[in-house]
>>> print(open('entry_22.cif').read())   # mmCIF, C-alpha atoms
data_work
loop_
_atom_site.label_atom_id
_atom_site.label_comp_id
_atom_site.auth_asym_id
_atom_site.auth_seq_id
_atom_site.Cartn_x
_atom_site.Cartn_y
_atom_site.Cartn_z
CA MET M 1 34.33 243.41 51.23
CA ASN M 2 33.89 243.66 54.98
CA TRP M 3 32.47 241.00 57.31
CA ALA M 4 28.90 242.29 57.03
CA GLY M 5 29.02 242.01 53.24
CA PHE M 6 30.35 238.47 53.48
CA ALA M 7 27.72 237.52 56.07
CA ALA M 8 24.97 238.87 53.81
CA ALA M 9 26.33 236.90 50.84
CA GLU M 10 26.95 233.62 52.72
CA PRO M 11 25.15 233.69 56.09
CA ALA M 12 25.59 229.99 56.92
CA LEU M 13 29.33 230.02 56.27
CA ALA M 14 29.68 233.30 58.19
CA ARG M 15 27.89 231.81 61.22
CA THR M 16 30.13 228.73 61.05
CA ALA M 17 33.25 230.90 60.84
CA GLU M 18 32.19 233.10 63.75
CA ALA M 19 31.43 230.02 65.87
CA ARG M 20 34.81 228.51 64.99
CA PHE M 21 36.67 231.68 65.95
CA GLY M 22 34.44 232.10 69.01
CA ALA M 23 35.33 228.64 70.35
CA TYR M 24 38.83 229.80 71.40
CA THR M 25 40.39 233.13 72.32
CA HIS M 26 43.69 232.92 70.44
CA HIS M 27 44.19 232.28 66.72
CA VAL M 28 47.10 232.43 64.26
CA LEU M 29 47.77 235.47 62.09
CA ALA M 30 50.17 235.31 59.15
CA THR M 31 51.74 238.52 57.87
CA LEU M 32 54.66 239.33 55.60
CA ARG M 33 58.03 240.51 56.94
CA LYS M 34 60.14 243.21 55.28
CA ASP M 35 61.97 240.57 53.26
CA GLY M 36 58.70 238.97 52.10
CA SER M 37 59.01 235.87 54.27
CA PRO M 38 55.99 234.83 56.37
CA ARG M 39 55.55 235.64 60.05
CA THR M 40 52.97 233.82 62.18
CA THR M 41 51.84 235.12 65.55
CA GLY M 42 49.00 234.64 67.99
CA LEU M 43 46.10 237.06 67.94
CA GLU M 44 42.65 237.68 69.40
CA VAL M 45 39.93 238.70 66.94
CA ARG M 46 36.54 240.36 67.36
CA PHE M 47 33.41 240.41 65.22
CA LEU M 48 31.70 243.72 66.04
CA GLY M 49 29.41 246.03 64.11
CA GLY M 50 29.68 244.09 60.87
CA GLU M 51 33.48 244.11 60.90
CA LEU M 52 36.21 241.60 61.69
CA TRP M 53 38.68 243.52 63.88
CA LEU M 54 42.35 242.81 64.60
CA GLY M 55 43.74 244.56 67.67
CA MET M 56 47.48 244.62 68.46
CA MET M 57 49.95 245.99 70.95
CA PRO M 58 51.68 249.23 69.94
CA GLY M 59 54.79 248.67 67.84
CA SER M 60 54.21 244.91 67.57
CA LEU M 61 55.95 243.29 64.62
CA LYS M 62 52.65 242.04 63.19
CA ALA M 63 51.23 245.58 63.27
CA LEU M 64 54.35 246.93 61.57
CA ASP M 65 54.10 244.14 58.99
CA LEU M 66 50.48 245.09 58.22
CA ARG M 67 51.34 248.77 57.95
CA ARG M 68 53.94 247.89 55.33
CA ASP M 69 51.94 245.20 53.50
CA ALA M 70 48.27 244.87 54.41
CA ARG M 71 47.88 241.25 53.24
CA PHE M 72 47.12 238.68 55.94
CA ALA M 73 45.88 235.15 56.54
CA LEU M 74 44.03 234.28 59.73
CA GLN M 75 43.68 230.67 60.88
CA ALA M 76 41.12 229.66 63.51
CA ASN M 77 42.56 227.85 66.51
CA PRO M 78 42.03 224.14 65.78
CA GLY M 79 41.55 223.29 69.45
CA GLU M 80 42.72 220.25 71.33
CA GLY M 81 43.28 216.90 69.65
CA THR M 82 42.50 216.27 66.03
CA GLY M 83 38.70 216.52 65.92
CA MET M 84 38.68 220.07 64.53
CA GLY M 85 35.29 220.73 66.14
CA GLY M 86 33.22 221.56 63.07
CA GLY M 87 36.04 222.14 60.67
CA ASP M 88 38.91 224.44 60.04
CA VAL M 89 38.40 228.07 58.97
CA ARG M 90 40.88 230.38 57.26
CA ILE M 91 40.29 234.00 56.30
CA THR M 92 42.52 236.02 53.99
CA GLY M 93 42.39 239.64 53.06
CA ARG M 94 43.81 243.07 53.67
CA ALA M 95 44.02 244.82 57.04
CA VAL M 96 43.31 248.55 57.09
CA GLU M 97 44.56 250.46 60.13
CA VAL M 98 41.92 252.55 61.87
CA GLU M 99 43.07 255.92 63.21
CA ASP M 100 39.63 257.50 63.70
CA PRO M 101 39.32 258.31 67.43
CA GLN M 102 35.55 257.74 67.48
CA THR M 103 35.85 254.29 65.91
CA LYS M 104 38.65 253.33 68.27
CA ALA M 105 36.64 254.62 71.25
CA GLY M 106 33.71 252.39 70.24
CA TYR M 107 36.06 249.41 70.05
CA VAL M 108 37.52 250.27 73.48
CA LYS M 109 34.01 250.47 74.95
CA GLU M 110 33.18 246.96 73.69
CA VAL M 111 36.51 245.15 74.11
CA GLU M 112 38.43 247.09 76.81
CA PRO M 113 41.87 246.40 75.32
CA PRO M 114 45.04 247.64 76.99
CA GLU M 115 45.87 251.06 75.59
CA PRO M 116 47.49 252.27 73.44
CA PHE M 117 46.92 249.76 70.65
CA HIS M 118 46.76 249.34 66.88
CA LEU M 119 43.34 248.58 65.43
CA PHE M 120 42.78 247.12 61.97
CA ARG M 121 39.52 246.39 60.17
CA THR M 122 39.59 243.72 57.50
CA GLU M 123 38.71 243.61 53.83
CA LEU M 124 38.12 239.97 52.93
CA THR M 125 39.50 238.28 49.83
CA GLU M 126 38.69 234.67 50.76
CA VAL M 127 37.04 232.55 53.45
CA VAL M 128 37.68 228.80 53.42
CA ARG M 129 36.16 226.11 55.61
CA THR M 130 37.69 222.64 55.50
CA PHE M 131 36.01 219.65 57.14
CA VAL M 132 35.58 215.89 56.88
CA GLU M 133 32.24 214.55 55.64
CA ASP M 134 31.01 211.00 56.30
CA ASP M 135 34.55 209.94 57.28
CA ALA M 136 35.19 209.67 53.54
CA TYR M 137 35.57 213.14 52.02
CA LEU M 138 37.64 216.20 52.70
CA VAL M 139 35.31 219.10 51.89
CA LEU M 140 36.38 222.65 51.14
CA GLU M 141 33.87 225.50 51.06
CA ILE M 142 35.53 228.43 49.32
CA TRP M 143 34.10 231.96 49.17
CA GLN M 144 35.59 234.92 47.32
CA PRO M 145 33.93 238.32 46.78
CA GLY M 146 31.69 238.44 43.73
CA LYS M 147 31.79 234.68 43.18
CA PRO M 148 29.35 231.97 44.25
CA LEU M 149 30.32 229.67 47.09
CA ARG M 150 32.34 226.79 45.67
CA THR M 151 32.35 223.35 47.31
CA VAL M 152 35.11 220.83 46.54
CA ARG M 153 35.00 217.22 47.78
CA ARG M 154 38.10 215.05 47.76
CA ALA M 155 38.10 211.34 48.50
#
>>> encode(input="entry_22.cif", output="structure tokens")
Amino acid sequence: MNWAGFAAAEPALARTAEARFGAYTHHVLATLRKDGSPRTTGLEVRFLGGELWLGMMPGSLKALDLRRDARFALQANPGEGTGMGGGDVRITGRAVEVEDPQTKAGYVKEVEPPEPFHLFRTELTEVVRTFVEDDAYLVLEIWQPGKPLRTVRRA
């Protein structure tokens, strides 16, 4: 499911996630190396036209990782201190590289990235928001395609 599908299914959580990612420019992307071990790197993300886009420099290790194994996890920048400004958001899914010149041209028009670049659109498998409620509970809101939003509270 793409971002638009998620936003239609869970609009409040989608707005919260977009705000969380919009609060800072750089976030943390986790990919899988050739040997299966994790790699984390910084990344800018964009929400445009109903998609969550991942743009990368040509030949970057994270792009090569995603070409080999499309699975990823994306963690919103937590910001300064420990307040977490509205909670923590993590998105997991699969990244699909976009080669279509017209789609890439539309992205260039909106974002103006340095060229050349790799462009990936995302297919979501999970969105999780974690936050503290009433200074007493750790709350997890967990969304997966085709399932209702699940909320877990831990004391």
>>> closest_residue(input="entry_22.cif", among="M:Val98, M:Leu32, M:Ala4, M:Val127", to="Ala17 of chain M", atoms="all atoms listed in the file")
M:Val127
>>> residues_around(input="entry_22.cif", residues="Gly55 of chain M", least_positions_apart="4", cutoff="7 Å", atoms="only C-alpha atoms", output="VMD selection string")
chain M and resid 117 to 120
>>> atom_distance(input="entry_22.cif", atom1="atom CA of Asp135 of chain M", atom2="atom CA of Arg20 of chain M")
20.1 Å
>>> residues_around(input="entry_22.cif", residues="Glu51 of chain M", least_positions_apart="5", cutoff="8 Å", atoms="all atoms listed in the file", output="list in words")
Asn2, Trp3, Ala4, Arg121 and Thr122 of chain M
>>> write_last_selection(input="entry_22.cif", atoms="C-alpha atoms", output="PDB file, in the coordinates of the input")
ATOM      1  CA  ASN M   2      33.890 243.660  54.980  1.00  0.00           C
ATOM      2  CA  TRP M   3      32.470 241.000  57.310  1.00  0.00           C
ATOM      3  CA  ALA M   4      28.900 242.290  57.030  1.00  0.00           C
ATOM      4  CA  ARG M 121      39.520 246.390  60.170  1.00  0.00           C
ATOM      5  CA  THR M 122      39.590 243.720  57.500  1.00  0.00           C
TER       6      THR M 122
END
>>> residues_around(input="entry_22.cif", residues="Ile91 of chain M", least_positions_apart="3", cutoff="7 Å", atoms="all atoms listed in the file", output="VMD selection string")
chain M and resid 73 to 75 126 to 128
>>> write_last_selection(input="entry_22.cif", atoms="C-alpha atoms", output="PDB file, in the frame of the given file")
ATOM      1  CA  ALA M  73      45.880 235.150  56.540  1.00  0.00           C
ATOM      2  CA  LEU M  74      44.030 234.280  59.730  1.00  0.00           C
ATOM      3  CA  GLN M  75      43.680 230.670  60.880  1.00  0.00           C
ATOM      4  CA  GLU M 126      38.690 234.670  50.760  1.00  0.00           C
ATOM      5  CA  VAL M 127      37.040 232.550  53.450  1.00  0.00           C
ATOM      6  CA  VAL M 128      37.680 228.800  53.420  1.00  0.00           C
TER       7      VAL M 128
END
>>> residues_around(input="entry_22.cif", residues="Ala14 of chain M", least_positions_apart="2", cutoff="12 Å", atoms="only C-alpha atoms", output="VMD selection string")
chain M and resid 2 to 12 16 to 22 47 50 to 52 89 to 91 124 126 to 129 141 to 143 149
>>> atom_distance(input="entry_22.cif", atom1="atom CA of Thr40 of chain M", atom2="atom CA of His27 of chain M")
10.0 Å
>>> atom_distance(input="entry_22.cif", atom1="atom CA of Leu29 of chain M", atom2="atom CA of Arg94 of chain M")
12.0 Å
>>> resolve_selection(input="entry_22.cif", expression="the PyMOL selection byres ((chain M and resi 56-65) around 12)", output="PyMOL selection string")
chain M and resi 28-46+53-55+66-73+94-98+113-121
>>> closest_residue(input="entry_22.cif", among="M:Thr92, M:Thr151, M:Gln144, M:Gln102", to="Ala76 of chain M", atoms="only C-alpha atoms")
M:Thr92
>>> closest_residue(input="entry_22.cif", among="M:Tyr24, M:Glu110, M:Pro101, M:Arg154", to="Gly49 of chain M", atoms="only C-alpha atoms")
M:Glu110
>>> closest_residue(input="entry_22.cif", among="M:Leu48, M:Thr130, M:His26, M:Pro148", to="Asn77 of chain M", atoms="all atoms listed in the file")
M:His26
>>> closest_residue(input="entry_22.cif", among="M:Gly93, M:Thr25, M:Arg153, M:Leu13", to="Thr125 of chain M", atoms="all atoms listed in the file")
M:Gly93
>>> closest_residue(input="entry_22.cif", among="M:Asp100, M:Pro78, M:Tyr107, M:Met1", to="Glu123 of chain M", atoms="all atoms listed in the file")
M:Met1
